[in-house]
$ cat coords32.csv   # CSV, C-alpha atoms
chain,number,residue,atom,x,y,z
A,1,MET,CA,-24.4,-26.2,11.1
A,2,HIS,CA,-26.8,-27.7,8.6
A,3,GLU,CA,-28.7,-24.5,8.5
A,4,PHE,CA,-25.8,-22.5,7.1
A,5,SER,CA,-25.7,-24.5,3.9
A,6,LEU,CA,-29.4,-24.3,3.5
A,7,VAL,CA,-29.4,-20.5,3.9
A,8,CYS,CA,-26.6,-20.3,1.3
A,9,ASP,CA,-28.9,-22.0,-1.2
A,10,LEU,CA,-31.8,-19.8,-0.1
A,11,LEU,CA,-29.7,-16.7,-0.7
A,12,VAL,CA,-28.5,-17.9,-4.1
A,13,THR,CA,-32.1,-18.8,-5.1
A,14,VAL,CA,-33.5,-15.4,-4.1
A,15,MET,CA,-30.5,-13.4,-5.5
A,16,GLU,CA,-30.9,-15.1,-8.9
A,17,SER,CA,-34.6,-14.5,-9.0
A,18,ALA,CA,-34.3,-10.9,-7.8
A,19,GLU,CA,-31.8,-10.2,-10.6
A,20,LYS,CA,-34.1,-11.7,-13.2
A,21,ASN,CA,-37.0,-9.6,-11.9
A,22,GLY,CA,-35.0,-6.3,-11.6
A,23,ILE,CA,-35.2,-6.2,-7.8
A,24,SER,CA,-32.3,-4.5,-6.1
A,25,ASN,CA,-33.6,-4.5,-2.5
A,26,VAL,CA,-35.4,-7.5,-1.0
A,27,THR,CA,-37.5,-6.5,1.9
A,28,ARG,CA,-39.0,-9.9,3.0
A,29,VAL,CA,-38.4,-13.6,2.4
A,30,LYS,CA,-41.0,-16.1,3.3
A,31,LEU,CA,-39.7,-19.6,4.1
A,32,ILE,CA,-41.8,-22.7,4.9
A,33,VAL,CA,-40.2,-25.2,7.2
A,34,GLY,CA,-41.7,-28.5,8.0
A,35,GLU,CA,-41.5,-29.7,11.6
A,36,CYS,CA,-39.9,-33.0,10.7
A,37,HIS,CA,-37.1,-31.5,8.8
A,38,GLY,CA,-34.9,-30.9,11.7
A,39,ALA,CA,-33.8,-27.4,10.6
A,40,LEU,CA,-34.1,-25.0,13.6
A,41,PRO,CA,-35.9,-21.7,12.9
A,42,GLU,CA,-33.5,-19.8,15.3
A,43,ALA,CA,-30.5,-21.2,13.5
A,44,LEU,CA,-31.9,-20.4,10.1
A,45,SER,CA,-32.6,-16.8,11.2
A,46,PHE,CA,-29.1,-16.5,12.6
A,47,ALA,CA,-27.5,-17.9,9.4
A,48,PHE,CA,-29.7,-15.6,7.3
A,49,ARG,CA,-28.5,-12.5,9.2
A,50,ALA,CA,-24.9,-13.7,9.2
A,51,LEU,CA,-24.7,-14.5,5.4
A,52,SER,CA,-27.0,-11.9,3.8
A,53,GLY,CA,-24.6,-9.0,4.6
A,54,ASP,CA,-23.4,-8.0,1.1
A,55,THR,CA,-26.4,-9.2,-0.8
A,56,VAL,CA,-29.7,-7.7,-2.0
A,57,CYS,CA,-31.2,-9.4,1.1
A,58,SER,CA,-29.1,-7.5,3.6
A,59,THR,CA,-32.0,-5.6,5.1
A,60,ALA,CA,-34.7,-8.3,4.3
A,61,GLU,CA,-36.8,-9.7,7.0
A,62,LEU,CA,-36.9,-13.5,7.1
A,63,ASP,CA,-40.4,-14.8,7.8
A,64,ILE,CA,-40.5,-18.5,8.8
A,65,GLU,CA,-43.7,-20.5,8.7
A,66,ILE,CA,-43.6,-23.8,10.5
A,67,ARG,CA,-45.7,-26.6,9.0
A,68,GLU,CA,-47.0,-29.2,11.4
A,69,GLY,CA,-45.4,-32.7,11.1
A,70,VAL,CA,-47.6,-35.8,10.9
A,71,LEU,CA,-46.2,-39.3,11.3
A,72,LEU,CA,-47.9,-42.6,10.3
A,73,CYS,CA,-47.1,-45.8,12.1
A,74,THR,CA,-46.5,-48.5,9.5
A,75,ALA,CA,-47.1,-51.2,12.1
A,76,CYS,CA,-50.6,-50.2,13.3
A,77,GLY,CA,-51.7,-47.4,10.9
A,78,HIS,CA,-52.1,-44.8,13.7
A,79,SER,CA,-51.2,-41.2,12.6
A,80,PHE,CA,-50.1,-38.6,15.1
A,81,SER,CA,-48.3,-35.3,15.5
A,82,TYR,CA,-44.5,-35.2,15.1
A,83,GLU,CA,-42.4,-35.7,18.2
A,84,ILE,CA,-38.7,-35.7,18.6
A,85,LEU,CA,-38.8,-39.2,20.1
A,86,GLN,CA,-40.2,-41.1,17.2
A,87,ILE,CA,-42.3,-43.9,18.8
A,88,CYS,CA,-45.9,-44.7,18.0
A,89,PRO,CA,-48.0,-43.7,21.1
A,90,LYS,CA,-50.5,-46.4,20.4
A,91,CYS,CA,-48.3,-49.6,19.8
A,92,GLY,CA,-44.8,-48.5,20.6
A,93,SER,CA,-43.4,-49.2,17.1
A,94,VAL,CA,-40.5,-47.2,15.8
A,95,TYR,CA,-41.3,-47.8,12.1
A,96,LEU,CA,-42.9,-44.6,11.1
A,97,ASP,CA,-43.4,-42.7,7.8
A,98,ILE,CA,-43.5,-38.9,7.6
A,99,ILE,CA,-46.8,-37.9,5.9
A,100,SER,CA,-46.4,-34.2,6.2
A,101,GLY,CA,-43.9,-31.7,7.6
A,102,ARG,CA,-40.9,-32.4,5.3
A,103,GLU,CA,-41.2,-29.1,3.5
A,104,LEU,CA,-38.2,-26.7,3.3
A,105,ARG,CA,-38.9,-24.1,0.7
A,106,VAL,CA,-38.8,-20.5,-0.2
A,107,ASP,CA,-42.5,-19.6,-0.7
A,108,TYR,CA,-42.0,-16.0,-2.0
A,109,PHE,CA,-40.0,-12.9,-1.5
A,110,GLU,CA,-40.9,-9.2,-1.7
A,111,GLY,CA,-38.7,-6.3,-2.8
A,112,GLU,CA,-38.4,-3.2,-5.0
B,1,MET,CA,-43.2,-6.5,-5.8
B,2,LYS,CA,-43.9,-10.0,-4.7
B,3,VAL,CA,-42.2,-12.9,-6.5
B,4,ILE,CA,-43.5,-16.4,-5.8
B,5,LEU,CA,-40.8,-19.0,-6.0
B,6,ALA,CA,-42.1,-22.1,-4.2
B,7,ARG,CA,-38.7,-23.6,-4.5
B,8,ASP,CA,-37.5,-26.5,-2.4
B,9,LEU,CA,-34.2,-25.6,-0.8
B,10,LEU,CA,-32.8,-29.1,-0.9
B,11,SER,CA,-33.5,-29.2,-4.6
B,12,VAL,CA,-30.7,-26.7,-5.1
B,13,ASN,CA,-28.3,-29.4,-3.8
B,14,THR,CA,-30.1,-32.1,-5.7
B,15,VAL,CA,-29.7,-30.4,-9.0
B,16,LYS,CA,-25.9,-30.1,-8.4
B,17,GLY,CA,-25.9,-33.8,-7.3
B,18,GLU,CA,-27.6,-34.8,-10.6
B,19,ASN,CA,-24.8,-32.9,-12.5
B,20,ASN,CA,-22.2,-34.9,-10.6
B,21,ARG,CA,-24.1,-38.1,-11.3
B,22,GLU,CA,-24.0,-37.4,-15.0
B,23,ILE,CA,-20.2,-37.0,-14.9
B,24,LEU,CA,-19.8,-40.1,-12.9
B,25,GLU,CA,-22.1,-42.1,-15.2
B,26,LYS,CA,-20.3,-40.9,-18.3
B,27,ASN,CA,-17.0,-42.3,-16.8
B,28,GLY,CA,-18.6,-45.6,-15.7
B,29,LEU,CA,-17.7,-45.0,-12.1
B,30,LEU,CA,-19.2,-46.8,-9.1
B,31,THR,CA,-19.5,-44.1,-6.5
B,32,LEU,CA,-20.2,-45.0,-2.9
B,33,ASN,CA,-21.3,-42.4,-0.3
B,34,ILE,CA,-20.1,-43.9,2.9
B,35,ILE,CA,-22.0,-42.6,6.0
B,36,SER,CA,-21.7,-43.5,9.7
B,37,SER,CA,-21.4,-41.8,13.1
B,38,PRO,CA,-17.8,-40.7,14.1
B,39,GLY,CA,-15.6,-43.6,15.1
B,40,ALA,CA,-17.6,-46.4,13.4
B,41,GLY,CA,-14.5,-47.4,11.5
B,42,LYS,CA,-15.1,-45.9,8.0
B,43,THR,CA,-11.5,-45.1,7.3
B,44,THR,CA,-10.2,-48.5,8.5
B,45,LEU,CA,-12.8,-50.3,6.4
B,46,LEU,CA,-11.8,-48.3,3.4
B,47,GLU,CA,-8.1,-48.8,4.1
B,48,VAL,CA,-8.5,-52.6,4.2
B,49,THR,CA,-10.9,-52.6,1.2
B,50,MET,CA,-8.5,-50.7,-1.0
B,51,ARG,CA,-5.6,-52.7,0.0
B,52,LEU,CA,-7.4,-55.9,-0.9
B,53,LEU,CA,-8.5,-54.6,-4.3
B,54,LYS,CA,-5.3,-52.6,-5.1
B,55,ASN,CA,-4.4,-54.7,-8.1
B,56,LYS,CA,-7.9,-54.8,-9.4
B,57,TYR,CA,-9.2,-51.3,-9.4
B,58,ASN,CA,-8.0,-47.7,-9.3
B,59,PHE,CA,-9.7,-45.9,-6.5
B,60,GLY,CA,-10.5,-42.2,-6.2
B,61,VAL,CA,-11.3,-41.0,-2.7
B,62,ILE,CA,-13.1,-37.8,-1.6
B,63,GLU,CA,-12.4,-37.4,2.0
B,64,GLY,CA,-14.8,-35.3,4.1
B,65,ASP,CA,-13.7,-34.1,7.5
B,66,LEU,CA,-14.6,-31.2,9.7
B,67,TYR,CA,-10.9,-30.4,10.1
B,68,THR,CA,-7.5,-32.0,9.5
B,69,SER,CA,-6.3,-34.4,6.7
B,70,ARG,CA,-5.4,-37.3,9.0
B,71,ASP,CA,-7.8,-39.7,7.3
B,72,ALA,CA,-6.7,-38.6,3.8
B,73,ARG,CA,-3.1,-39.4,4.7
B,74,ARG,CA,-4.1,-42.9,5.9
B,75,LEU,CA,-5.8,-43.6,2.6
B,76,GLU,CA,-3.4,-41.9,0.3
B,77,GLU,CA,-1.1,-44.8,-0.4
B,78,HIS,CA,-4.0,-47.1,-1.4
B,79,SER,CA,-5.7,-44.7,-3.8
B,80,ARG,CA,-4.9,-43.4,-7.3
B,81,ALA,CA,-6.3,-39.9,-6.4
B,82,ILE,CA,-7.5,-38.3,-3.2
B,83,VAL,CA,-9.0,-35.0,-2.5
B,84,GLN,CA,-9.5,-33.8,1.1
B,85,ILE,CA,-12.5,-31.6,1.8
B,86,ASN,CA,-12.5,-29.7,5.2
B,87,THR,CA,-16.0,-28.6,5.9
B,88,CYS,CA,-14.7,-26.3,8.8
B,89,GLY,CA,-17.6,-27.2,11.1
B,90,MET,CA,-20.3,-28.1,8.6
B,91,CYS,CA,-21.9,-31.4,9.4
B,92,HIS,CA,-22.1,-32.9,6.0
B,93,LEU,CA,-20.7,-32.8,2.5
B,94,ASN,CA,-22.9,-31.2,-0.2
B,95,ALA,CA,-23.0,-31.7,-3.9
B,96,ASP,CA,-21.1,-28.5,-4.7
B,97,MET,CA,-18.1,-29.6,-2.6
B,98,VAL,CA,-18.0,-33.0,-4.4
B,99,ALA,CA,-18.3,-31.2,-7.8
B,100,ARG,CA,-15.2,-29.3,-7.0
B,101,ALA,CA,-13.3,-32.4,-5.8
B,102,LEU,CA,-14.3,-34.2,-9.1
B,103,GLU,CA,-12.7,-31.5,-11.1
B,104,ASP,CA,-9.3,-32.4,-9.5
B,105,MET,CA,-9.6,-36.1,-10.2
B,106,PRO,CA,-8.3,-38.1,-13.3
B,107,LEU,CA,-11.8,-39.7,-13.7
B,108,GLU,CA,-10.9,-41.5,-16.9
B,109,SER,CA,-8.3,-43.6,-15.2
B,110,LEU,CA,-10.5,-44.6,-12.2
B,111,ASP,CA,-12.9,-47.5,-11.5
B,112,VAL,CA,-14.4,-46.6,-8.2
B,113,ILE,CA,-15.0,-43.4,-6.3
B,114,ILE,CA,-15.4,-43.5,-2.5
B,115,ILE,CA,-16.8,-40.5,-0.8
B,116,GLU,CA,-16.1,-40.7,2.9
B,117,ASN,CA,-18.7,-38.4,4.4
B,118,VAL,CA,-18.3,-36.4,7.6
B,119,GLY,CA,-18.9,-38.7,10.6
B,120,ASN,CA,-22.6,-38.0,11.3
B,121,LEU,CA,-25.7,-40.3,11.1
B,122,VAL,CA,-28.3,-37.5,10.5
B,123,CYS,CA,-27.4,-34.7,8.1
B,124,PRO,CA,-25.4,-36.5,5.4
B,125,ALA,CA,-28.5,-38.6,4.6
B,126,ALA,CA,-30.4,-35.5,3.4
B,127,PHE,CA,-27.8,-34.3,0.9
B,128,TYR,CA,-27.6,-36.2,-2.4
B,129,LEU,CA,-24.1,-36.0,-3.8
B,130,GLY,CA,-24.6,-37.8,-7.1
B,131,GLU,CA,-23.5,-41.1,-5.7
B,132,THR,CA,-24.5,-44.5,-7.2
B,133,CYS,CA,-25.6,-45.5,-3.7
B,134,LYS,CA,-25.2,-44.8,0.0
B,135,VAL,CA,-23.4,-47.3,2.2
B,136,ALA,CA,-24.2,-47.1,6.0
B,137,VAL,CA,-21.5,-48.3,8.4
B,138,LEU,CA,-22.6,-49.2,11.9
B,139,SER,CA,-20.2,-50.5,14.6
B,140,VAL,CA,-20.9,-52.9,17.3
B,141,PRO,CA,-19.9,-50.7,20.3
B,142,GLU,CA,-22.5,-48.1,19.2
B,143,GLY,CA,-25.4,-50.4,20.0
B,144,SER,CA,-27.9,-52.4,18.0
B,145,ASP,CA,-30.6,-49.8,18.2
B,146,LYS,CA,-29.0,-47.3,15.9
B,147,PRO,CA,-31.0,-48.3,12.8
B,148,ALA,CA,-34.3,-47.8,14.6
B,149,LYS,CA,-33.2,-44.5,16.1
B,150,TYR,CA,-31.8,-43.1,12.9
B,151,PRO,CA,-34.0,-44.6,10.2
B,152,GLU,CA,-33.4,-42.0,7.5
B,153,LEU,CA,-30.0,-43.2,6.5
B,154,PHE,CA,-30.7,-46.9,7.0
B,155,LYS,CA,-33.9,-46.6,4.8
B,156,GLU,CA,-31.8,-45.3,1.9
B,157,ALA,CA,-28.6,-47.3,2.1
B,158,ARG,CA,-28.1,-50.1,-0.4
B,159,ALA,CA,-25.6,-51.8,1.9
B,160,VAL,CA,-25.3,-51.7,5.6
B,161,VAL,CA,-21.9,-52.8,7.0
B,162,ILE,CA,-21.9,-53.8,10.6
B,163,ASN,CA,-18.3,-53.3,11.6
B,164,LYS,CA,-16.1,-54.4,14.5
B,165,SER,CA,-17.8,-57.8,14.7
B,166,ASP,CA,-14.7,-59.0,16.7
B,167,LEU,CA,-16.2,-57.0,19.6
B,168,LEU,CA,-19.5,-58.9,19.6
B,169,PRO,CA,-18.5,-61.2,22.5
B,170,TYR,CA,-17.7,-58.2,24.7
B,171,THR,CA,-20.9,-56.2,24.3
B,172,ASP,CA,-24.6,-56.7,24.6
B,173,PHE,CA,-25.1,-55.9,20.9
B,174,ASN,CA,-28.0,-58.0,19.7
B,175,LEU,CA,-27.0,-59.0,16.2
B,176,PRO,CA,-30.1,-61.0,15.2
B,177,GLU,CA,-32.4,-58.3,16.5
B,178,CYS,CA,-30.4,-55.6,14.7
B,179,ILE,CA,-30.5,-57.5,11.4
B,180,LYS,CA,-34.2,-58.1,11.8
B,181,GLU,CA,-34.9,-54.4,12.4
B,182,LEU,CA,-32.7,-53.4,9.4
B,183,GLN,CA,-34.6,-55.8,7.2
B,184,GLU,CA,-37.9,-54.3,8.4
B,185,ILE,CA,-36.7,-50.7,7.8
B,186,ASN,CA,-35.1,-51.5,4.4
B,187,PRO,CA,-35.7,-55.0,2.9
B,188,ARG,CA,-33.5,-54.1,-0.2
B,189,ALA,CA,-30.3,-53.4,1.8
B,190,GLU,CA,-27.5,-55.9,1.8
B,191,ILE,CA,-26.3,-56.5,5.3
B,192,LEU,CA,-22.7,-57.3,5.8
B,193,VAL,CA,-21.2,-58.2,9.2
B,194,VAL,CA,-17.4,-57.5,9.1
B,195,SER,CA,-14.4,-56.8,11.2
B,196,ALA,CA,-12.1,-54.6,9.1
B,197,ARG,CA,-9.5,-55.1,11.8
B,198,THR,CA,-9.4,-58.9,11.8
B,199,GLY,CA,-10.6,-59.3,8.2
B,200,GLU,CA,-13.6,-61.4,9.2
B,201,GLY,CA,-16.5,-61.1,6.7
B,202,MET,CA,-14.5,-58.8,4.5
B,203,ASP,CA,-14.8,-61.3,1.6
B,204,LYS,CA,-18.5,-60.8,1.4
B,205,TRP,CA,-18.2,-57.0,1.4
B,206,ILE,CA,-15.5,-57.2,-1.3
B,207,SER,CA,-17.7,-59.5,-3.4
B,208,TRP,CA,-20.6,-57.0,-3.1
B,209,LEU,CA,-18.4,-54.2,-4.3
B,210,GLU,CA,-16.9,-56.2,-7.2
B,211,GLU,CA,-20.4,-57.2,-8.3
B,212,LYS,CA,-21.5,-53.5,-8.4
B,213,VAL,CA,-18.4,-52.5,-10.4
B,214,ARG,CA,-19.1,-55.3,-12.8
B,215,LEU,CA,-22.8,-54.3,-13.2
B,216,ILE,CA,-21.9,-50.7,-13.9
B,217,LYS,CA,-19.2,-51.6,-16.4
B,218,GLU,CA,-21.4,-54.0,-18.3
B,219,TRP,CA,-24.8,-52.4,-18.0
B,220,GLY,CA,-24.4,-48.8,-16.8
B,221,HIS,CA,-25.8,-47.1,-13.7
B,222,THR,CA,-29.4,-48.0,-14.5
B,223,SER,CA,-28.7,-51.6,-13.7
B,224,LEU,CA,-28.4,-50.6,-10.0
B,225,ALA,CA,-31.6,-48.5,-9.9
$ encode --input "coords32.csv" --output "structure tokens"
Amino acid sequence: MHEFSLVCDLLVTVMESAEKNGISNVTRVKLIVGECHGALPEALSFAFRALSGDTVCSTAELDIEIREGVLLCTACGHSFSYEILQICPKCGSVYLDIISGRELRVDYFEGE
Amino acid sequence: MKVILARDLLSVNTVKGENNREILEKNGLLTLNIISSPGAGKTTLLEVTMRLLKNKYNFGVIEGDLYTSRDARRLEEHSRAIVQINTCGMCHLNADMVARALEDMPLESLDVIIIENVGNLVCPAAFYLGETCKVAVLSVPEGSDKPAKYPELFKEARAVVINKSDLLPYTDFNLPECIKELQEINPRAEILVVSARTGEGMDKWISWLEEKVRLIKEWGHTSLA
């Protein structure tokens, strides 16, 4: 249920900005989600639909772009694509740093 | 019209967390965000801790649970003020919930605020509440590989309490290995092996807490940075 609170913050952010910019109907919201973040796109879309009802985003389309996650093994220095099971494929270490794929941000929105 | 925002969603929570932090710092309050999986013994640990320090400090407790106020009722008699937050299914506390709880607390008459987060090793680690530091609680029956499997929380925690040490002889929990892994993940963390039930090791945990209260009272929150 993590996604619901994130979408609440998303809606508040977009609503505040829409008001400042004189936008009364938001048509599209672009969200960037890093693979390593653990927020599920399906759950984000569902939460967006469920919570946007009485807002300027009620008919907006939520466009989610997934950014690839990259992990770095702090034991052997090998970097590799994000996997749920976080083990270095080269040396088996579990001590990994996330280099990219942590994003979770509203990129832009469109409306009139 | 297109409006470019490039706004980090977690930052919405972080900004609210910073507001909480300002209020807590102004009142000189050590604030611990206690995080563990369900059943690790957070509430028992806190019950015993507050009982032992009852004559020394006034505790404020913010109790996060999915449903019910069972834990809050257990801690009520040991604390000066307690606020129950029912997240109704949400897996973590966020800064806004804590802000509302702080409004209902007599902050000027407290020394320590304990935030008992929702039992969950994953999500609470991502949401800053304004706390002085996070304390991770891990219990022996869960297994010694938890820090390696859930590194996010253990990387950030300033103290890791390994609870239910009285069960060590009955499990294959590898204590030296677990401590070694914790030290590799987070060399700064204080590791405390305790049994809240028998009282074993509680003195070290209590000293850790007393030291932090003392530092904050004498030097402010920056002394713990």
$ interface_residues --input "coords32.csv" --of "chain B" --to "chain A" --cutoff "10 Å" --atoms "all atoms listed in the file" --output "MDAnalysis selection string"
chainID B and resid 1:13 88:94 122:124 126 148:151 181 184:185
$ residues_near_point --input "coords32.csv" --point "(-8.7, -47.3, -6.9)" --cutoff "12 Å" --atoms "only C-alpha atoms" --output "NGL selection string"
:B and (29-31 or 46-47 or 49-62 or 75-82 or 105-114 or 213)
$ residues_near_point --input "coords32.csv" --point "(-28.9, -31.0, -7.9)" --cutoff "10 Å" --atoms "only C-alpha atoms" --output "tab-separated table (two decimals) with C-alpha atoms, keeping the file's coordinate frame"
chain	number	residue	atom	x	y	z
B	10	LEU	CA	-32.80	-29.10	-0.90
B	11	SER	CA	-33.50	-29.20	-4.60
B	12	VAL	CA	-30.70	-26.70	-5.10
B	13	ASN	CA	-28.30	-29.40	-3.80
B	14	THR	CA	-30.10	-32.10	-5.70
B	15	VAL	CA	-29.70	-30.40	-9.00
B	16	LYS	CA	-25.90	-30.10	-8.40
B	17	GLY	CA	-25.90	-33.80	-7.30
B	18	GLU	CA	-27.60	-34.80	-10.60
B	19	ASN	CA	-24.80	-32.90	-12.50
B	20	ASN	CA	-22.20	-34.90	-10.60
B	21	ARG	CA	-24.10	-38.10	-11.30
B	94	ASN	CA	-22.90	-31.20	-0.20
B	95	ALA	CA	-23.00	-31.70	-3.90
B	96	ASP	CA	-21.10	-28.50	-4.70
B	127	PHE	CA	-27.80	-34.30	0.90
B	128	TYR	CA	-27.60	-36.20	-2.40
B	129	LEU	CA	-24.10	-36.00	-3.80
B	130	GLY	CA	-24.60	-37.80	-7.10
$ atom_distance --input "coords32.csv" --atom1 "CA of Ser36 (chain B)" --atom2 "CA of Thr132 (chain B)"
17.2 Å
$ closest_residue --input "coords32.csv" --among "B:Asn86, B:Glu210, B:Lys155, B:Gly39" --to "Arg188 (chain B)" --atoms "all atoms listed in the file"
B:Lys155
$ closest_residue --input "coords32.csv" --among "A:His78, A:Met15, A:Arg67, A:Ile98" --to "Ser52 (chain A)" --atoms "all atoms listed in the file"
A:Met15
$ atom_distance --input "coords32.csv" --atom1 "CA of Ile216 (chain B)" --atom2 "CA of Ala72 (chain B)"
26.3 Å
$ closest_residue --input "coords32.csv" --among "A:Phe48, A:Cys73, A:Gly34, A:Glu65" --to "Pro89 (chain A)" --atoms "only C-alpha atoms"
A:Cys73
$ closest_residue --input "coords32.csv" --among "A:Cys76, A:Ala39, A:Cys91, A:Ile99" --to "Ile64 (chain A)" --atoms "all atoms listed in the file"
A:Ala39
$ atom_distance --input "coords32.csv" --atom1 "CA of Arg73 (chain B)" --atom2 "CA of Thr43 (chain B)"
10.5 Å
$ residues_around --input "coords32.csv" --residues "region 197-208 of chain B" --least-positions-apart "6" --cutoff "8 Å" --atoms "only C-alpha atoms" --output "list in words"
Thr44, Leu45, Thr49, Val161, Lys164, Ser165 and Asp166 of chain B
$ residues_around --input "coords32.csv" --residues "Pro38 (chain B)" --least-positions-apart "2" --cutoff "7 Å" --atoms "all atoms listed in the file" --output "ChimeraX atom specification"
/B:36,40,119-120
$ closest_residue --input "coords32.csv" --among "B:Leu167, B:Gly220, B:Val194, B:Ser37" --to "Lys146 (chain B)" --atoms "only C-alpha atoms"
B:Ser37
